[in-house]
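One structure is given here, and the rest of the page talks about it.
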Amino acid sequence: MKLLFVGDIVGSVGRKALKETLPYLKNKYLPDFVVVNGENAAAGKGITKDIAHDFFNQGVHAITMGNHTWDKKEIFEFIDDEQRLIRPANFPQGTPGRGYTVIKNQQKKKLAVINIQGRTFLPAIECPFQTVDRIVDKVKSESNCIFVDFHAEATSEKIAMGWYLDGKVSAVVGTHTHVQTHDEVILPNGTAYVTDVGMVGSSEGILGMERTAVIKKFLTQLPVRFNADNGKWHFHALLIEIDEKTGNSNKVKLIRIYENQVIID
């Protein structure tokens, strides 16, 4: 099984990059599943129903979220009904939506997708380690192939989750910090890991946002409104090959593509 996971899509520039790049990647790598992180897709914060459906129409099988899940209030109108859109599973009990899903393609292959959020430098929600344990036990009966999007701030917490889940899931991939880390590896017991897959959005901003506002925030420490930047895009993703019988990964490959430049993938 081949899985293409696309890092945090930021604003209209990120959506443009996905639309221009995804057909090329699907043609080149023939992934069985495409999963994207969409928590920044609507102007840099949250997602709308129209954007989610646009992603699905492009061939995306599932969308993961993160700490910006609720920034667009209309999400409350559709998140309970859309099984392909998941938010962090360790949000408090009773939170709308779901924290994992099992997706199936036309060839009837199945992939379990789990979304978890870290607690270091982020809100102190339920324990991500205990939460993911409970979910893995549930989905094992449906598929050996299990993908975890760990949306977290601290590098140490992400690395800890990778080692904790080694041999239990097919892949643990970090999101949220928007900078691709070149530490991709298959851990000793068969779990693919990378600390952060990177982002899809403006390469001329700061983490996809307008750099002037971000720099002003650092200089003054005053409240500043951040808007998604409109510069040229860069595209970061990860390709994972999984043994469907064992659930172990046997290949992990970072992908980096820049607008109007030679493709490096």
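Here, A, B, ... name the chains of the structure tokens in the order displayed, residue numbers run from 1 inside each chain, and ligands are numbered from 1 in the same displayed order.
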
Please provide the set of residues having any atom within 9 Å of Leu254 (chain A), restricted to only C-alpha atoms, with same-chain residues fewer than 2 positions apart removed, written as a ChimeraX atom specification.
-> /A:180,182,184,197,236-240,252,256,265

If you run DSSP over the backbone, which residues in region 10-85 of chain A end up alpha helix (DSSP H)? Put them as a VMD selection string.
-> chain A and resid 11 to 29 49 to 57

Keeping only C-alpha atoms, take the residues you just selected and write them out as a PDB file, in the first residue's frame.
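again_12.pdb was written with the following content:
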ATOM      1  CA  GLY A  11      -4.665  29.434   2.995  1.00  0.00           C
ATOM      2  CA  SER A  12      -5.494  29.982  -0.646  1.00  0.00           C
ATOM      3  CA  VAL A  13      -1.848  29.676  -1.691  1.00  0.00           C
ATOM      4  CA  GLY A  14      -1.675  26.237  -0.109  1.00  0.00           C
ATOM      5  CA  ARG A  15      -4.910  25.184  -1.790  1.00  0.00           C
ATOM      6  CA  LYS A  16      -3.553  26.387  -5.120  1.00  0.00           C
ATOM      7  CA  ALA A  17      -0.353  24.407  -4.581  1.00  0.00           C
ATOM      8  CA  LEU A  18      -2.340  21.250  -3.846  1.00  0.00           C
ATOM      9  CA  LYS A  19      -4.429  21.666  -6.977  1.00  0.00           C
ATOM     10  CA  GLU A  20      -1.357  22.203  -9.151  1.00  0.00           C
ATOM     11  CA  THR A  21       0.790  19.487  -7.595  1.00  0.00           C
ATOM     12  CA  LEU A  22      -1.471  16.602  -6.592  1.00  0.00           C
ATOM     13  CA  PRO A  23      -2.215  15.377 -10.168  1.00  0.00           C
ATOM     14  CA  TYR A  24       1.528  15.137 -10.844  1.00  0.00           C
ATOM     15  CA  LEU A  25       2.191  13.187  -7.640  1.00  0.00           C
ATOM     16  CA  LYS A  26      -0.758  10.852  -8.161  1.00  0.00           C
ATOM     17  CA  ASN A  27       0.438  10.101 -11.697  1.00  0.00           C
ATOM     18  CA  LYS A  28       4.052   9.553 -10.615  1.00  0.00           C
ATOM     19  CA  TYR A  29       3.603   7.534  -7.429  1.00  0.00           C
ATOM     20  CA  LYS A  49     -17.271  22.680   4.123  1.00  0.00           C
ATOM     21  CA  ASP A  50     -16.589  23.952   0.608  1.00  0.00           C
ATOM     22  CA  ILE A  51     -12.826  23.595   1.041  1.00  0.00           C
ATOM     23  CA  ALA A  52     -13.168  20.098   2.476  1.00  0.00           C
ATOM     24  CA  HIS A  53     -15.353  19.019  -0.439  1.00  0.00           C
ATOM     25  CA  ASP A  54     -12.908  20.578  -2.889  1.00  0.00           C
ATOM     26  CA  PHE A  55     -10.132  18.436  -1.386  1.00  0.00           C
ATOM     27  CA  PHE A  56     -12.275  15.304  -1.648  1.00  0.00           C
ATOM     28  CA  ASN A  57     -13.116  16.122  -5.269  1.00  0.00           C
TER      29      ASN A  57
END

Any idea what's packed within 12 Å of His68 (chain A), counting only C-alpha atoms, ignoring anything in its chain fewer than 3 positions away? Could you give it as JSON, numbers by chain?
-> {"A": [8, 10, 37, 38, 39, 40, 41, 42, 43, 44, 45, 46, 47, 48, 64, 65, 71, 72, 73, 75, 87, 88, 117, 122, 123, 151, 176]}

Writer output for current selection, C-alpha atoms, as a compact mmCIF listing (two decimals), in the first residue's frame:
# COMPACT_ATOMS: atom_id res chain seq x y z
CA ASP A 8 -0.50 21.48 6.73
CA VAL A 10 -2.17 27.03 4.60
CA ASN A 37 -3.79 18.07 7.07
CA GLY A 38 -6.38 20.81 6.54
CA GLU A 39 -6.51 22.72 9.83
CA ASN A 40 -5.03 25.88 8.23
CA ALA A 41 -6.76 25.60 4.87
CA ALA A 42 -9.24 28.48 5.29
CA ALA A 43 -7.25 31.72 5.40
CA GLY A 44 -4.69 30.05 7.65
CA LYS A 45 -7.08 29.02 10.43
CA GLY A 46 -9.66 26.25 10.25
CA ILE A 47 -11.53 24.70 7.34
CA THR A 48 -14.89 25.20 5.64
CA THR A 64 -6.80 15.53 9.55
CA MET A 65 -6.97 18.64 11.71
CA ASP A 71 -11.61 28.45 14.08
CA LYS A 72 -14.26 28.43 11.35
CA LYS A 73 -17.52 28.09 13.22
CA ILE A 75 -17.41 23.27 11.03
CA ARG A 87 -10.02 16.16 14.56
CA PRO A 88 -7.61 15.29 17.41
CA GLN A 117 -2.67 16.46 19.46
CA LEU A 122 -0.43 23.45 23.61
CA PRO A 123 -3.66 23.19 25.65
CA HIS A 151 -0.19 17.41 15.68
CA HIS A 176 1.81 21.69 13.23

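In this structure, CA of Cys145 (chain A) sits 6.2 Å away from CA of Ala112 (chain A).
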
Excluding Gly167 (chain A) and residues on its chain fewer than 4 positions from it, collect all residues at most 6 Å away from it, counting only C-alpha atoms, and give them as number ranges by chain.
-> A: 189-191

Kindly save the residues from that selection, with all heavy atoms included, as a short mmCIF file (atom, residue, chain, number, x, y, z; two decimals), in the first residue's frame.
data_model
loop_
_atom_site.label_atom_id
_atom_site.label_comp_id
_atom_site.auth_asym_id
_atom_site.auth_seq_id
_atom_site.Cartn_x
_atom_site.Cartn_y
_atom_site.Cartn_z
N ASN A 189 11.00 -1.54 14.76
CA ASN A 189 9.88 -2.47 14.71
C ASN A 189 8.91 -2.20 13.57
O ASN A 189 7.78 -2.72 13.56
CB ASN A 189 9.14 -2.47 16.05
CG ASN A 189 9.99 -3.05 17.15
OD1 ASN A 189 10.62 -4.10 16.99
ND2 ASN A 189 10.05 -2.36 18.29
N GLY A 190 9.32 -1.34 12.60
CA GLY A 190 8.57 -1.20 11.37
C GLY A 190 7.67 0.01 11.23
O GLY A 190 6.90 0.10 10.27
N THR A 191 7.76 0.96 12.15
CA THR A 191 6.94 2.17 12.07
C THR A 191 7.71 3.29 11.38
O THR A 191 8.80 3.64 11.80
CB THR A 191 6.49 2.63 13.47
OG1 THR A 191 5.63 1.64 14.03
CG2 THR A 191 5.76 3.96 13.42
#

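Among the candidates A:Tyr100, A:Trp163, A:Tyr258, A:Phe129, the one nearest to Phe235 (chain A) when counting only C-alpha atoms is A:Tyr258.
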
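When the distance limit is 7 Å and only C-alpha atoms are what count, the residues near Phe147 (chain A), minus those fewer than 2 positions from it on the same chain, are Ala112, Val113, Ile114, Cys145, Asp149, Val169, Ser170, Ala171 and Val172 of chain A.
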
Generate a file of the selected residues that holds all heavy atoms, formatted as a CSV table (one decimal), in the first residue's frame.
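Printed below is selection.csv as written:
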chain,number,residue,atom,x,y,z
A,112,ALA,N,-6.5,2.8,8.4
A,112,ALA,CA,-7.0,3.5,9.6
A,112,ALA,C,-6.2,4.8,9.8
A,112,ALA,O,-4.9,4.8,9.7
A,112,ALA,CB,-6.9,2.7,10.8
A,113,VAL,N,-6.8,5.9,9.9
A,113,VAL,CA,-6.2,7.2,10.1
A,113,VAL,C,-6.6,7.8,11.5
A,113,VAL,O,-7.8,7.9,11.8
A,113,VAL,CB,-6.6,8.2,9.0
A,113,VAL,CG1,-5.9,9.5,9.2
A,113,VAL,CG2,-6.3,7.6,7.6
A,114,ILE,N,-5.6,8.1,12.3
A,114,ILE,CA,-5.8,8.6,13.6
A,114,ILE,C,-5.2,10.0,13.7
A,114,ILE,O,-4.1,10.2,13.3
A,114,ILE,CB,-5.2,7.7,14.7
A,114,ILE,CG1,-5.7,6.3,14.6
A,114,ILE,CG2,-5.4,8.2,16.1
A,114,ILE,CD1,-5.0,5.2,15.4
A,145,CYS,N,-3.0,-1.6,8.6
A,145,CYS,CA,-2.3,-0.4,8.2
A,145,CYS,C,-2.9,0.8,9.0
A,145,CYS,O,-4.1,1.1,8.8
A,145,CYS,CB,-2.5,-0.2,6.7
A,145,CYS,SG,-1.9,-1.6,5.7
A,149,ASP,N,-1.4,11.0,12.5
A,149,ASP,CA,-1.0,12.4,12.4
A,149,ASP,C,-0.9,12.9,13.8
A,149,ASP,O,-1.9,13.1,14.5
A,149,ASP,CB,-2.0,13.1,11.5
A,149,ASP,CG,-1.7,14.7,11.5
A,149,ASP,OD1,-0.8,15.1,12.2
A,149,ASP,OD2,-2.4,15.4,10.8
A,169,VAL,N,1.8,0.8,15.1
A,169,VAL,CA,1.2,1.4,13.9
A,169,VAL,C,2.1,1.4,12.7
A,169,VAL,O,3.3,1.2,12.9
A,169,VAL,CB,0.7,2.8,14.3
A,169,VAL,CG1,-0.2,2.8,15.5
A,169,VAL,CG2,1.9,3.8,14.5
A,170,SER,N,1.6,1.8,11.6
A,170,SER,CA,2.4,1.8,10.4
A,170,SER,C,3.3,3.1,10.3
A,170,SER,O,4.4,3.0,9.8
A,170,SER,CB,1.5,1.7,9.1
A,170,SER,OG,0.7,0.6,9.2
A,171,ALA,N,2.7,4.2,10.8
A,171,ALA,CA,3.5,5.4,10.6
A,171,ALA,C,3.0,6.5,11.7
A,171,ALA,O,1.8,6.5,12.0
A,171,ALA,CB,3.3,6.0,9.2
A,172,VAL,N,4.0,7.2,12.2
A,172,VAL,CA,3.7,8.4,13.0
A,172,VAL,C,4.3,9.6,12.3
A,172,VAL,O,5.5,9.6,12.2
A,172,VAL,CB,4.3,8.2,14.4
A,172,VAL,CG1,4.0,9.5,15.3
A,172,VAL,CG2,3.7,7.0,15.1

Tell me, as a PyMOL selection string, which residues lie within 6 Å of Ala89 (chain A), counting only C-alpha atoms; anything in the same chain fewer than 3 positions away does not count.
-> chain A and resi 99+115-116

Given the selection you just returned, output its residues as a file containing C-alpha atoms, formatted as a compact mmCIF listing (two decimals), in the first residue's frame.
# COMPACT_ATOMS: atom_id res chain seq x y z
CA GLY A 99 -10.67 11.36 16.21
CA ASN A 115 -5.40 12.29 14.60
CA ILE A 116 -3.77 13.11 17.97

Please identify the strand (DSSP E or B) residues within region 24-155 of chain A (assignment by DSSP from backbone atoms) and present them as a CSV table (one decimal) with N, CA and C atoms, in the first residue's frame.
chain,number,residue,atom,x,y,z
A,33,PHE,N,-3.8,5.8,-1.2
A,33,PHE,CA,-4.5,6.8,-0.4
A,33,PHE,C,-3.8,8.1,-0.4
A,34,VAL,N,-4.6,9.2,-0.3
A,34,VAL,CA,-4.1,10.6,-0.1
A,34,VAL,C,-4.7,11.1,1.1
A,35,VAL,N,-3.9,11.6,2.1
A,35,VAL,CA,-4.4,12.2,3.3
A,35,VAL,C,-3.8,13.5,3.4
A,36,VAL,N,-4.5,14.6,3.8
A,36,VAL,CA,-3.9,15.9,4.0
A,36,VAL,C,-4.3,16.4,5.4
A,37,ASN,N,-3.4,17.3,5.9
A,37,ASN,CA,-3.8,18.1,7.1
A,37,ASN,C,-4.4,19.4,6.6
A,62,ALA,N,-8.9,11.5,3.1
A,62,ALA,CA,-9.2,11.9,4.5
A,62,ALA,C,-8.5,13.2,4.8
A,63,ILE,N,-9.0,13.9,5.7
A,63,ILE,CA,-8.5,15.2,6.2
A,63,ILE,C,-8.3,15.1,7.7
A,64,THR,N,-7.1,15.4,8.1
A,64,THR,CA,-6.8,15.5,9.6
A,64,THR,C,-6.8,17.0,9.9
A,85,LEU,N,-13.4,13.5,7.6
A,85,LEU,CA,-12.7,14.6,8.3
A,85,LEU,C,-12.6,14.3,9.8
A,100,TYR,N,-10.7,9.5,14.7
A,100,TYR,CA,-10.1,8.5,13.8
A,100,TYR,C,-11.1,8.0,12.8
A,101,THR,N,-10.7,7.5,11.7
A,101,THR,CA,-11.6,6.9,10.7
A,101,THR,C,-10.9,5.8,10.0
A,102,VAL,N,-11.6,4.9,9.4
A,102,VAL,CA,-11.1,3.9,8.5
A,102,VAL,C,-11.6,4.1,7.1
A,103,ILE,N,-10.7,4.4,6.2
A,103,ILE,CA,-11.0,4.7,4.8
A,103,ILE,C,-10.8,3.5,3.9
A,104,LYS,N,-11.6,3.5,2.9
A,104,LYS,CA,-11.4,2.4,1.9
A,104,LYS,C,-11.4,2.9,0.5
A,110,LYS,N,-7.9,-0.9,2.9
A,110,LYS,CA,-8.4,-0.2,4.1
A,110,LYS,C,-7.2,0.4,4.8
A,111,LEU,N,-7.3,1.7,5.3
A,111,LEU,CA,-6.3,2.4,6.0
A,111,LEU,C,-7.0,3.1,7.2
A,112,ALA,N,-6.5,2.8,8.4
A,112,ALA,CA,-7.0,3.5,9.6
A,112,ALA,C,-6.2,4.8,9.8
A,113,VAL,N,-6.8,5.9,9.9
A,113,VAL,CA,-6.2,7.2,10.1
A,113,VAL,C,-6.6,7.8,11.5
A,114,ILE,N,-5.6,8.1,12.3
A,114,ILE,CA,-5.8,8.6,13.6
A,114,ILE,C,-5.2,10.0,13.7
A,115,ASN,N,-5.9,10.9,14.4
A,115,ASN,CA,-5.4,12.3,14.6
A,115,ASN,C,-5.2,12.5,16.1
A,116,ILE,N,-4.0,12.9,16.5
A,116,ILE,CA,-3.8,13.1,18.0
A,116,ILE,C,-3.1,14.5,18.1
A,117,GLN,N,-3.3,15.2,19.2
A,117,GLN,CA,-2.7,16.5,19.5
A,117,GLN,C,-1.8,16.4,20.7
A,146,ILE,N,-2.1,1.4,9.8
A,146,ILE,CA,-2.6,2.5,10.7
A,146,ILE,C,-1.6,3.6,10.6
A,147,PHE,N,-2.2,4.8,10.3
A,147,PHE,CA,-1.5,6.0,10.1
A,147,PHE,C,-1.8,7.0,11.2
A,148,VAL,N,-0.9,7.6,11.9
A,148,VAL,CA,-1.1,8.6,12.9
A,148,VAL,C,-0.5,10.0,12.6
A,149,ASP,N,-1.4,11.0,12.5
A,149,ASP,CA,-1.0,12.4,12.4
A,149,ASP,C,-0.9,12.9,13.8
A,150,PHE,N,0.3,13.1,14.3
A,150,PHE,CA,0.5,13.7,15.6
A,150,PHE,C,0.8,15.2,15.5
A,151,HIS,N,-0.2,16.0,15.8
A,151,HIS,CA,-0.2,17.4,15.7
A,151,HIS,C,0.4,18.0,17.0
